[in-house]
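Undergrad: Let me give you the structure first, and then I'll get to my questions.
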Amino acid sequence: MARVERIEKGDLESGAHPTSVVCAAQLVPDGQGSFLVQLASFGSKAAESNGRRHVTQTYQFDRNAAATLVSYFTDAFGEDFLTEPHGDA
């Protein structure tokens, strides 16, 4: 569980992961009159116990960290990604 201080360009060798998880997004007060975007991931179905999912990690993004993350999304999916309708967000 952490507040993201900054996002740096990664250089790890990686590929698509073989499993998927659910991620919840919400706004949380930052204590200074603004909000942070919080992303919480839940363990994969294999990690459930007694039919309950457990939060495995949360990340909180302030405006600057979020802006950096958005730039990665637009690099990957194009500028029109920001104006297209998406799910139930």
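Naming scheme: A, B, ... for chains in displayed order of the structure tokens; residues 1 onward per chain; ligands 1 onward as shown.
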Can you list every residue in chain A that DSSP puts in strand (DSSP E), as a compact mmCIF listing (two decimals) with C-alpha atoms, in the first residue's frame?

TA:
```
# COMPACT_ATOMS: atom_id res chain seq x y z
CA ALA A 2 1.70 3.14 -1.15
CA ARG A 3 1.30 6.65 -2.47
CA VAL A 4 3.16 6.97 -5.76
CA CYS A 23 -8.80 -3.67 -9.94
CA ALA A 24 -11.01 -1.14 -8.13
CA ALA A 25 -10.59 2.61 -8.66
CA GLN A 26 -11.83 5.29 -6.30
CA LEU A 27 -11.17 8.85 -5.19
CA VAL A 28 -9.82 9.36 -1.67
CA PRO A 29 -9.31 12.71 0.10
CA PHE A 35 -8.19 13.97 -4.01
CA LEU A 36 -5.94 11.06 -4.88
CA VAL A 37 -6.90 8.34 -7.34
CA GLN A 38 -6.54 5.00 -5.58
CA LEU A 39 -6.21 1.72 -7.45
CA ALA A 40 -6.62 -1.48 -5.45
CA SER A 41 -5.94 -4.90 -6.92
CA PHE A 42 -7.43 -8.11 -5.69
CA VAL A 55 -6.75 -6.61 -1.57
CA THR A 56 -3.18 -7.42 -2.47
CA GLN A 57 -1.93 -3.91 -3.27
CA THR A 58 -3.12 -0.32 -3.43
CA TYR A 59 -1.51 2.61 -5.18
CA GLN A 60 -2.51 6.25 -4.73
CA PHE A 61 -1.77 8.82 -7.44
```

Undergrad: Step one, run DSSP on the backbone; step two, keep only residues of range 22-89 of chain A assigned to helix (DSSP H, G or I); then write them as a PyMOL selection string.

TA: chain A and resi 45-47+63-77+79-82

Undergrad: The selected residues should be written to file as a PDB file, in the first residue's frame (atoms: N, CA and C atoms).

TA:
```pdb
ATOM      1  N   LYS A  45      -8.332 -15.383  -8.768  1.00  0.00           N
ATOM      2  CA  LYS A  45      -9.293 -16.353  -8.241  1.00  0.00           C
ATOM      3  C   LYS A  45      -8.591 -17.456  -7.472  1.00  0.00           C
ATOM      4  N   ALA A  46      -7.415 -17.850  -7.930  1.00  0.00           N
ATOM      5  CA  ALA A  46      -6.665 -18.910  -7.251  1.00  0.00           C
ATOM      6  C   ALA A  46      -6.253 -18.492  -5.841  1.00  0.00           C
ATOM      7  N   ALA A  47      -6.189 -17.186  -5.593  1.00  0.00           N
ATOM      8  CA  ALA A  47      -5.745 -16.693  -4.287  1.00  0.00           C
ATOM      9  C   ALA A  47      -6.910 -16.443  -3.327  1.00  0.00           C
ATOM     10  N   ARG A  63      -1.991  14.343  -8.598  1.00  0.00           N
ATOM     11  CA  ARG A  63      -2.161  14.915  -9.938  1.00  0.00           C
ATOM     12  C   ARG A  63      -0.936  14.691 -10.825  1.00  0.00           C
ATOM     13  N   ASN A  64       0.260  14.924 -10.308  1.00  0.00           N
ATOM     14  CA  ASN A  64       1.471  14.792 -11.121  1.00  0.00           C
ATOM     15  C   ASN A  64       1.747  13.350 -11.522  1.00  0.00           C
ATOM     16  N   ALA A  65       1.628  12.419 -10.569  1.00  0.00           N
ATOM     17  CA  ALA A  65       1.855  11.008 -10.890  1.00  0.00           C
ATOM     18  C   ALA A  65       0.797  10.518 -11.876  1.00  0.00           C
ATOM     19  N   ALA A  66      -0.454  10.958 -11.696  1.00  0.00           N
ATOM     20  CA  ALA A  66      -1.523  10.560 -12.603  1.00  0.00           C
ATOM     21  C   ALA A  66      -1.267  11.080 -14.016  1.00  0.00           C
ATOM     22  N   ALA A  67      -0.786  12.311 -14.128  1.00  0.00           N
ATOM     23  CA  ALA A  67      -0.498  12.883 -15.448  1.00  0.00           C
ATOM     24  C   ALA A  67       0.573  12.069 -16.172  1.00  0.00           C
ATOM     25  N   THR A  68       1.585  11.624 -15.438  1.00  0.00           N
ATOM     26  CA  THR A  68       2.622  10.790 -16.049  1.00  0.00           C
ATOM     27  C   THR A  68       2.027   9.469 -16.510  1.00  0.00           C
ATOM     28  N   LEU A  69       1.189   8.870 -15.681  1.00  0.00           N
ATOM     29  CA  LEU A  69       0.565   7.607 -16.045  1.00  0.00           C
ATOM     30  C   LEU A  69      -0.331   7.776 -17.272  1.00  0.00           C
ATOM     31  N   VAL A  70      -1.090   8.859 -17.332  1.00  0.00           N
ATOM     32  CA  VAL A  70      -1.943   9.126 -18.496  1.00  0.00           C
ATOM     33  C   VAL A  70      -1.108   9.238 -19.762  1.00  0.00           C
ATOM     34  N   SER A  71       0.084   9.820 -19.663  1.00  0.00           N
ATOM     35  CA  SER A  71       0.928   9.935 -20.859  1.00  0.00           C
ATOM     36  C   SER A  71       1.335   8.547 -21.370  1.00  0.00           C
ATOM     37  N   TYR A  72       1.544   7.588 -20.469  1.00  0.00           N
ATOM     38  CA  TYR A  72       1.839   6.214 -20.904  1.00  0.00           C
ATOM     39  C   TYR A  72       0.629   5.597 -21.607  1.00  0.00           C
ATOM     40  N   PHE A  73      -0.563   5.848 -21.083  1.00  0.00           N
ATOM     41  CA  PHE A  73      -1.769   5.318 -21.726  1.00  0.00           C
ATOM     42  C   PHE A  73      -1.968   5.911 -23.113  1.00  0.00           C
ATOM     43  N   THR A  74      -1.754   7.215 -23.252  1.00  0.00           N
ATOM     44  CA  THR A  74      -1.948   7.821 -24.571  1.00  0.00           C
ATOM     45  C   THR A  74      -0.853   7.391 -25.539  1.00  0.00           C
ATOM     46  N   ASP A  75       0.359   7.156 -25.058  1.00  0.00           N
ATOM     47  CA  ASP A  75       1.416   6.620 -25.928  1.00  0.00           C
ATOM     48  C   ASP A  75       1.020   5.237 -26.446  1.00  0.00           C
ATOM     49  N   ALA A  76       0.412   4.438 -25.582  1.00  0.00           N
ATOM     50  CA  ALA A  76       0.043   3.068 -25.958  1.00  0.00           C
ATOM     51  C   ALA A  76      -1.209   3.003 -26.818  1.00  0.00           C
ATOM     52  N   PHE A  77      -2.211   3.850 -26.506  1.00  0.00           N
ATOM     53  CA  PHE A  77      -3.523   3.697 -27.129  1.00  0.00           C
ATOM     54  C   PHE A  77      -3.962   4.881 -27.986  1.00  0.00           C
ATOM     55  N   GLU A  79      -4.149   9.396 -28.571  1.00  0.00           N
ATOM     56  CA  GLU A  79      -4.808  10.533 -27.910  1.00  0.00           C
ATOM     57  C   GLU A  79      -6.323  10.369 -27.838  1.00  0.00           C
ATOM     58  N   ASP A  80      -6.925   9.745 -28.862  1.00  0.00           N
ATOM     59  CA  ASP A  80      -8.380   9.591 -28.862  1.00  0.00           C
ATOM     60  C   ASP A  80      -8.854   8.652 -27.757  1.00  0.00           C
ATOM     61  N   PHE A  81      -7.941   7.918 -27.163  1.00  0.00           N
ATOM     62  CA  PHE A  81      -8.269   7.049 -26.036  1.00  0.00           C
ATOM     63  C   PHE A  81      -8.946   7.840 -24.916  1.00  0.00           C
ATOM     64  N   LEU A  82      -8.551   9.087 -24.728  1.00  0.00           N
ATOM     65  CA  LEU A  82      -9.094   9.915 -23.642  1.00  0.00           C
ATOM     66  C   LEU A  82     -10.528  10.352 -23.879  1.00  0.00           C
TER      67      LEU A  82
END
```

Undergrad: In Å, how far is it from CA of His54 in chain A to CA of His17 in chain A?

TA: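 Computing it gives 19.4 Å between the two atoms.
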
Undergrad: Give me, please, the distance in Å between CA of Gly78 in chain A and CA of Val22 in chain A, quoted to one decimal.

TA: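 Between these atoms lies a distance of 24.0 Å.
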